[in-house]
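Asks: Structure file entry.pdb (PDB, C-alpha atoms and all ligand atoms) is given on the next line.
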```
ATOM      1  CA  ALA O   1      44.188-102.765 -42.407
ATOM      2  CA  ILE O   2      41.408-105.312 -42.623
ATOM      3  CA  VAL O   3      37.801-104.271 -42.011
ATOM      4  CA  ARG O   4      35.300-106.700 -40.559
ATOM      5  CA  THR O   5      31.911-105.193 -41.364
ATOM      6  CA  LEU O   6      28.844-105.226 -39.130
ATOM      7  CA  TRP O   7      26.673-106.922 -41.726
ATOM      8  CA  ASN O   8      26.777-108.005 -45.367
ATOM      9  CA  ASP O   9      25.644-104.542 -46.439
ATOM     10  CA  PRO O  10      26.688-103.684 -50.019
ATOM     11  CA  ALA O  11      27.390-100.044 -49.055
ATOM     12  CA  ILE O  12      30.288-100.958 -46.770
ATOM     13  CA  PRO O  13      33.011-102.784 -48.792
ATOM     14  CA  GLY O  14      33.454 -99.874 -51.213
ATOM     15  CA  GLN O  15      33.653 -97.378 -48.363
ATOM     16  CA  ALA O  16      36.255 -99.511 -46.551
ATOM     17  CA  PHE O  17      38.381-100.039 -49.683
ATOM     18  CA  ASP O  18      38.065 -96.358 -50.668
ATOM     19  CA  SER O  19      39.466 -95.482 -47.210
ATOM     20  CA  GLY O  20      42.482 -97.732 -47.811
ATOM     21  CA  ALA O  21      41.513-101.117 -46.379
ATOM     22  CA  SER O  22      43.279-104.028 -48.032
ATOM     23  CA  ALA O  23      40.609-106.584 -47.140
ATOM     24  CA  VAL O  24      36.972-106.749 -46.098
ATOM     25  CA  ILE O  25      35.419-109.576 -44.071
ATOM     26  CA  ALA O  26      31.609-109.714 -44.192
ATOM     27  CA  PRO O  27      29.625-111.664 -41.566
ATOM     28  CA  MET O  28      26.719-114.072 -41.960
ATOM     29  CA  VAL O  29      27.137-114.956 -45.638
ATOM     30  CA  ASN O  30      24.758-117.898 -45.749
ATOM     31  CA  THR O  31      23.961-118.441 -49.430
ATOM     32  CA  ARG O  32      25.587-118.232 -52.849
ATOM     33  CA  ALA O  33      23.368-115.216 -53.654
ATOM     34  CA  GLN O  34      24.638-113.404 -50.541
ATOM     35  CA  ALA O  35      28.242-114.217 -51.540
ATOM     36  CA  GLU O  36      27.608-112.834 -55.036
ATOM     37  CA  LEU O  37      26.165-109.645 -53.516
ATOM     38  CA  LEU O  38      29.332-109.264 -51.444
ATOM     39  CA  VAL O  39      31.692-109.736 -54.416
ATOM     40  CA  ARG O  40      29.598-107.326 -56.485
ATOM     41  CA  ALA O  41      30.058-104.654 -53.809
ATOM     42  CA  ALA O  42      33.792-105.310 -53.430
ATOM     43  CA  LYS O  43      35.162-105.636 -56.978
ATOM     44  CA  TYR O  44      35.287-103.291 -59.964
ATOM     45  CA  PRO O  45      33.788-104.409 -63.309
ATOM     46  CA  PRO O  46      33.826-106.794 -65.001
ATOM     47  CA  MET O  47      34.028-108.908 -61.820
ATOM     48  CA  GLY O  48      31.663-106.728 -59.797
ATOM     49  CA  ALA O  49      30.070-103.314 -59.533
ATOM     50  CA  ARG O  50      32.184-101.368 -56.994
ATOM     51  CA  SER O  51      31.634 -97.678 -57.551
ATOM     52  CA  TRP O  52      34.510 -95.256 -58.162
ATOM     53  CA  GLY O  53      35.620 -92.984 -55.322
ATOM     54  CA  GLY O  54      38.750 -94.469 -53.775
ATOM     55  CA  TYR O  55      40.737 -91.257 -53.385
ATOM     56  CA  THR O  56      42.455 -92.184 -50.107
ATOM     57  CA  ALA O  57      43.208 -95.663 -51.441
ATOM     58  CA  LEU O  58      44.426 -94.179 -54.709
ATOM     59  CA  GLN O  59      46.869 -91.828 -52.958
ATOM     60  CA  ALA O  60      48.098 -94.579 -50.646
ATOM     61  CA  SER O  61      48.669 -96.940 -53.585
ATOM     62  CA  GLY O  62      50.791 -94.454 -55.542
ATOM     63  CA  LEU O  63      49.028 -95.607 -58.715
ATOM     64  CA  GLN O  64      47.421 -93.526 -61.433
ATOM     65  CA  PRO O  65      43.592 -93.809 -61.542
ATOM     66  CA  GLY O  66      43.596 -96.120 -64.580
ATOM     67  CA  GLU O  67      46.223 -98.373 -62.994
ATOM     68  CA  TYR O  68      44.324 -98.481 -59.708
ATOM     69  CA  LEU O  69      41.146 -99.439 -61.574
ATOM     70  CA  ARG O  70      43.032-102.307 -63.265
ATOM     71  CA  GLU O  71      44.881-103.457 -60.133
ATOM     72  CA  ALA O  72      42.370-102.922 -57.302
ATOM     73  CA  ASN O  73      40.563-106.249 -57.696
ATOM     74  CA  ARG O  74      43.899-108.034 -57.319
ATOM     75  CA  LEU O  75      45.258-105.765 -54.543
ATOM     76  CA  THR O  76      42.218-106.073 -52.289
ATOM     77  CA  MET O  77      40.619-109.181 -50.801
ATOM     78  CA  VAL O  78      37.082-110.034 -49.812
ATOM     79  CA  PHE O  79      36.157-112.745 -47.302
ATOM     80  CA  ALA O  80      32.748-114.327 -46.707
ATOM     81  CA  MET O  81      32.136-115.381 -43.122
ATOM     82  CA  ILE O  82      30.887-118.918 -42.682
ATOM     83  CA  GLU O  83      29.286-118.999 -39.264
ATOM     84  CA  THR O  84      25.904-120.698 -39.425
ATOM     85  CA  VAL O  85      24.513-124.151 -40.123
ATOM     86  CA  GLU O  86      22.935-122.719 -43.278
ATOM     87  CA  ALA O  87      26.295-121.388 -44.523
ATOM     88  CA  LEU O  88      27.884-124.742 -43.772
ATOM     89  CA  LYS O  89      25.252-126.509 -45.871
ATOM     90  CA  ASN O  90      25.982-124.099 -48.763
ATOM     91  CA  VAL O  91      29.744-123.829 -48.272
ATOM     92  CA  GLU O  92      30.722-125.542 -51.552
ATOM     93  CA  GLU O  93      28.552-123.163 -53.603
ATOM     94  CA  ILE O  94      29.731-120.136 -51.616
ATOM     95  CA  ALA O  95      33.404-121.097 -52.001
ATOM     96  CA  ALA O  96      32.976-121.378 -55.786
ATOM     97  CA  THR O  97      31.694-117.767 -56.106
ATOM     98  CA  PRO O  98      33.809-116.050 -58.780
ATOM     99  CA  GLY O  99      35.842-113.172 -57.307
ATOM    100  CA  LEU O 100      35.702-114.324 -53.699
ATOM    101  CA  ASP O 101      39.185-114.415 -52.109
ATOM    102  CA  GLY O 102      38.581-116.286 -48.887
ATOM    103  CA  LEU O 103      36.309-117.881 -46.312
ATOM    104  CA  PHE O 104      36.434-116.749 -42.695
ATOM    105  CA  VAL O 105      34.869-118.786 -39.919
ATOM    106  CA  GLY O 106      33.158-117.119 -36.987
ATOM    107  CA  PRO O 107      33.528-120.011 -34.523
ATOM    108  CA  SER O 108      31.308-118.446 -31.874
ATOM    109  CA  ASP O 109      28.229-118.091 -34.073
ATOM    110  CA  LEU O 110      29.047-121.384 -35.786
ATOM    111  CA  SER O 111      29.027-123.248 -32.478
ATOM    112  CA  ILE O 112      25.922-121.356 -31.300
ATOM    113  CA  THR O 113      23.961-122.383 -34.409
ATOM    114  CA  LEU O 114      25.376-125.934 -34.409
ATOM    115  CA  SER O 115      24.120-126.347 -30.839
ATOM    116  CA  ASN O 116      20.835-124.523 -31.501
ATOM    117  CA  GLY O 117      21.773-121.899 -28.944
ATOM    118  CA  ALA O 118      23.019-124.238 -26.221
ATOM    119  CA  GLY O 119      26.503-122.746 -26.027
ATOM    120  CA  ILE O 120      29.738-121.400 -27.458
ATOM    121  CA  ASP O 121      32.351-124.089 -28.003
ATOM    122  CA  LYS O 122      35.175-122.889 -30.217
ATOM    123  CA  LEU O 123      37.193-126.091 -29.754
ATOM    124  CA  GLY O 124      34.317-128.592 -29.580
ATOM    125  CA  ALA O 125      34.395-131.710 -31.767
ATOM    126  CA  HIS O 126      31.356-130.586 -33.786
ATOM    127  CA  THR O 127      32.812-127.140 -34.338
ATOM    128  CA  LEU O 128      36.185-128.497 -35.450
ATOM    129  CA  ALA O 129      34.559-131.022 -37.806
ATOM    130  CA  ALA O 130      32.459-128.238 -39.358
ATOM    131  CA  MET O 131      35.536-126.057 -39.688
ATOM    132  CA  GLU O 132      37.437-128.820 -41.478
ATOM    133  CA  LYS O 133      34.675-128.831 -44.065
ATOM    134  CA  VAL O 134      35.174-125.069 -44.527
ATOM    135  CA  SER O 135      38.958-125.301 -44.885
ATOM    136  CA  ALA O 136      38.569-128.144 -47.421
ATOM    137  CA  ALA O 137      36.103-126.057 -49.485
ATOM    138  CA  ALA O 138      38.515-123.112 -49.387
ATOM    139  CA  ARG O 139      41.473-125.265 -50.448
ATOM    140  CA  LYS O 140      39.506-126.839 -53.302
ATOM    141  CA  ASN O 141      38.654-123.399 -54.695
ATOM    142  CA  GLY O 142      42.056-121.762 -54.149
ATOM    143  CA  LEU O 143      40.726-119.500 -51.381
ATOM    144  CA  VAL O 144      42.366-118.406 -48.134
ATOM    145  CA  ALA O 145      40.932-120.230 -45.101
ATOM    146  CA  GLY O 146      40.665-117.802 -42.190
ATOM    147  CA  ALA O 147      39.024-117.776 -38.784
ATOM    148  CA  PHE O 148      38.525-115.691 -35.711
ATOM    149  CA  GLY O 149      40.977-117.025 -33.115
ATOM    150  CA  GLY O 150      40.916-115.061 -29.883
ATOM    151  CA  SER O 151      43.758-116.883 -28.139
ATOM    152  CA  ALA O 152      46.976-118.707 -28.990
ATOM    153  CA  GLU O 153      45.451-122.032 -27.876
ATOM    154  CA  VAL O 154      42.545-121.692 -30.299
ATOM    155  CA  ILE O 155      44.762-120.561 -33.179
ATOM    156  CA  LYS O 156      47.088-123.548 -32.656
ATOM    157  CA  SER O 157      44.139-125.943 -33.015
ATOM    158  CA  TYR O 158      42.842-124.209 -36.123
ATOM    159  CA  THR O 159      46.230-124.279 -37.875
ATOM    160  CA  LYS O 160      46.124-128.089 -37.508
ATOM    161  CA  ILE O 161      42.911-128.253 -39.590
ATOM    162  CA  GLY O 162      44.108-126.120 -42.484
ATOM    163  CA  PHE O 163      43.544-122.519 -41.415
ATOM    164  CA  THR O 164      46.253-119.991 -42.258
ATOM    165  CA  PHE O 165      44.804-116.560 -41.469
ATOM    166  CA  PHE O 166      43.436-115.332 -38.133
ATOM    167  CA  ALA O 167      41.970-112.483 -36.202
ATOM    168  CA  ALA O 168      44.379-113.106 -33.332
ATOM    169  CA  ALA O 169      42.649-111.446 -30.396
ATOM    170  CA  VAL O 170      40.151-108.787 -29.430
ATOM    171  CA  ASP O 171      41.618-105.398 -28.497
ATOM    172  CA  VAL O 172      39.866-105.230 -25.106
ATOM    173  CA  ASP O 173      41.177-108.733 -24.279
ATOM    174  CA  LEU O 174      44.742-107.651 -25.097
ATOM    175  CA  LEU O 175      44.307-104.678 -22.776
ATOM    176  CA  HIS O 176      42.813-106.867 -20.040
ATOM    177  CA  TRP O 177      45.590-109.511 -20.347
ATOM    178  CA  GLY O 178      48.265-106.816 -20.279
ATOM    179  CA  ALA O 179      46.803-105.214 -17.163
ATOM    180  CA  ALA O 180      46.333-108.609 -15.480
ATOM    181  CA  ALA O 181      49.947-109.565 -16.244
ATOM    182  CA  MET O 182      51.135-106.264 -14.769
ATOM    183  CA  MET O 183      49.112-106.791 -11.574
TER     184      MET O 183
HETATM  185  C1  LIG K 201      32.101-115.306 -34.459
HETATM  186  O1  LIG K 201      32.942-116.036 -33.937
HETATM  187  O2  LIG K 201      30.901-115.575 -34.532
HETATM  188  C2  LIG K 201      32.538-114.046 -35.055
HETATM  189  O3  LIG K 201      31.735-113.366 -35.657
HETATM  190  C3  LIG K 201      33.944-113.607 -34.920
HETATM  191  O4  LIG K 201      34.187-112.423 -35.610
HETATM  192 MG    MG K 202      29.769-113.990 -35.628
END
```
Take the structure I supplied and represent it as structure tokens, if you would.
Replies:
Amino acid sequence: AIVRTLWNDPAIPGQAFDSGASAVIAPMVNTRAQAELLVRAAKYPPMGARSWGGYTALQASGLQPGEYLREANRLTMVFAMIETVEALKNVEEIAATPGLDGLFVGPSDLSITLSNGAGIDKLGAHTLAAMEKVSAAARKNGLVAGAFGGSAEVIKSYTKIGFTFFAAAVDVDLLHWGAAAMM
């Protein structure tokens, strides 16, 4: 299970991991300081400052508490969402944040901010060029390059520019497509 949080709120990664999530994706990470805050909330010391309390995760892992403490930073992943012009400007610094496991593009917000609110263009030339910059920064720092997809067509395009991990589709869309196909 992967949890995409509502905001880069330091209270949430620990709660998600304690409940058994294997990864957390935090939106709107625009600066290196915001990326450091995210890692701090998601990783146990010495990498971060996650607080102890992962009883559900502990039981699910089958590990003893000491083993879980040693292994949790490796067993869980934390992704910073790159989805604004500001994040794009800072993407090299964000990608080099120690402890960060991946970058995750929100192509809707990215295209909204790139166009100063003019529209959403997940496959537009500007969006794809910006996303190539993100996948290159991820590759350079040994991070996973992920993105929100939403359809097979979009995912196919993103795989061509170096992305390997996707939110495939929205649950209500899957329901709508299934019902439409049945009709
Ligand atoms: C976006 O595309 O802006 C998203 O936040 C997807 O999760
Ligand atoms: Mg977004």
Asks: Using only C-alpha atoms and all ligand atoms, which of the listed residues (O:Glu92, O:Asp109, O:Asp101, O:Glu71) sits closest to ligand MG 202 (chain K)?
Replies: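 Closest candidate: O:Asp109.
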Asks: Once the PyMOL selection byres (((chain O and resi 27) around 8) and not hetatm) has been evaluated on this model, what residues remain selected, and can you format them as an NGL selection string?
Replies: :O and (4-8 or 25-26 or 28-29 or 80-83 or 106)
Asks: Using Å and a single decimal, report how far atom CA of Thr127 of chain O sits from atom CA of Ser111 of chain O.
Replies: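 Separation of atom CA of Ser111 of chain O and atom CA of Thr127 of chain O: 5.7 Å.
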Asks: Quick one: pull the distance between atom CA of Pro10 of chain O and atom CA of Gly54 of chain O, Å, one decimal.
Replies: 15.6 Å
Asks: Expand the PyMOL selection byres (((chain O and resi 93) around 10) and not hetatm) into the explicit residue set it covers here, and present it as a PDB file with C-alpha atoms, in the frame of the given file.
Replies:
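Saved to selection-v3.pdb:
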```
ATOM      1  CA  THR O  31      23.961-118.441 -49.430  1.00  0.00           C
ATOM      2  CA  ARG O  32      25.587-118.232 -52.849  1.00  0.00           C
ATOM      3  CA  ALA O  33      23.368-115.216 -53.654  1.00  0.00           C
ATOM      4  CA  ALA O  35      28.242-114.217 -51.540  1.00  0.00           C
ATOM      5  CA  ALA O  87      26.295-121.388 -44.523  1.00  0.00           C
ATOM      6  CA  LEU O  88      27.884-124.742 -43.772  1.00  0.00           C
ATOM      7  CA  LYS O  89      25.252-126.509 -45.871  1.00  0.00           C
ATOM      8  CA  ASN O  90      25.982-124.099 -48.763  1.00  0.00           C
ATOM      9  CA  VAL O  91      29.744-123.829 -48.272  1.00  0.00           C
ATOM     10  CA  GLU O  92      30.722-125.542 -51.552  1.00  0.00           C
ATOM     11  CA  ILE O  94      29.731-120.136 -51.616  1.00  0.00           C
ATOM     12  CA  ALA O  95      33.404-121.097 -52.001  1.00  0.00           C
ATOM     13  CA  ALA O  96      32.976-121.378 -55.786  1.00  0.00           C
ATOM     14  CA  THR O  97      31.694-117.767 -56.106  1.00  0.00           C
ATOM     15  CA  ALA O 137      36.103-126.057 -49.485  1.00  0.00           C
TER      16      ALA O 137
END
```
Asks: Starting from the displayed file, determine the output of the PyMOL selection byres (((chain O and resi 18) around 7) and not hetatm) and express the residue list as a CSV table (one decimal) with C-alpha atoms, in the coordinates of the input.
Replies:
```csv
chain,number,residue,atom,x,y,z
O,14,GLY,CA,33.5,-99.9,-51.2
O,15,GLN,CA,33.7,-97.4,-48.4
O,16,ALA,CA,36.3,-99.5,-46.6
O,17,PHE,CA,38.4,-100.0,-49.7
O,19,SER,CA,39.5,-95.5,-47.2
O,20,GLY,CA,42.5,-97.7,-47.8
O,53,GLY,CA,35.6,-93.0,-55.3
O,54,GLY,CA,38.8,-94.5,-53.8
O,55,TYR,CA,40.7,-91.3,-53.4
O,56,THR,CA,42.5,-92.2,-50.1
O,57,ALA,CA,43.2,-95.7,-51.4
```
Asks: Rank O:Gln34, O:Thr113, O:Ser108, O:Asn141 by their smallest atom-to-atom distance to ligand MG 202 (chain K), using only C-alpha atoms and all ligand atoms, and report the top residue only.
Replies: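 Once distances to ligand MG 202 (chain K) are computed over only C-alpha atoms and all ligand atoms, the minimum belongs to O:Ser108.
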Asks: Using all atoms listed in the file, pick whichever of O:Val170, O:Gly102, O:Leu114, O:Gly124 has the shortest atom-to-atom distance to Gly142 of chain O.
Replies: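 Counting all atoms listed in the file, the residue closest to Gly142 of chain O is O:Gly102.
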Asks: In Å to one decimal, how far is atom CA of Ala169 of chain O from atom CA of Leu100 of chain O?
Replies: 24.5 Å
Asks: From the list O:Phe148, O:Tyr68, O:Phe79, O:Tyr158, which residue is nearest ligand LIG 201 (chain K) when using only C-alpha atoms and all ligand atoms?
Replies: O:Phe148
Asks: Nearest to ligand LIG 201 (chain K) among O:Ala152, O:Ile112, O:Ala118, O:Ile161, with distances taken over only C-alpha atoms and all ligand atoms: which residue is it?
Replies: O:Ile112
Asks: Measuring atom to atom with all atoms listed in the file, identify which of O:Ala180, O:Val172, O:Val105, O:Met131 is nearest to ligand LIG 201 (chain K).
Replies: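 Smallest distance to ligand LIG 201 (chain K) is found for O:Val105.
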Asks: Any idea what's packed within 7 Å of Ala167 of chain O, counting only C-alpha atoms, ignoring anything in its chain fewer than 3 positions away? Could you give it as a compact mmCIF listing (two decimals) with C-alpha atoms, in the coordinates of the input?
Replies:
```txt
# COMPACT_ATOMS: atom_id res chain seq x y z
CA ALA O 147 39.02 -117.78 -38.78
CA PHE O 148 38.52 -115.69 -35.71
CA GLY O 149 40.98 -117.02 -33.12
CA GLY O 150 40.92 -115.06 -29.88
```
Asks: Determine the axis-aligned bounding box of all atoms of ligand LIG 201 (chain K) present in the file, pad each side by 5 Å, and express its centre and edge lengths in Å to one decimal place as lines of an AutoDock Vina configuration file.
Replies:
```
center_x = 32.5
center_y = -114.2
center_z = -34.8
size_x = 13.3
size_y = 13.6
size_z = 11.7
```
Asks: So which residues touch Met47 of chain O within 10 Å, counting only C-alpha atoms, skipping near sequence neighbours fewer than 4 positions away, as a PyMOL selection string?
Replies: chain O and resi 39-43+73+98-100
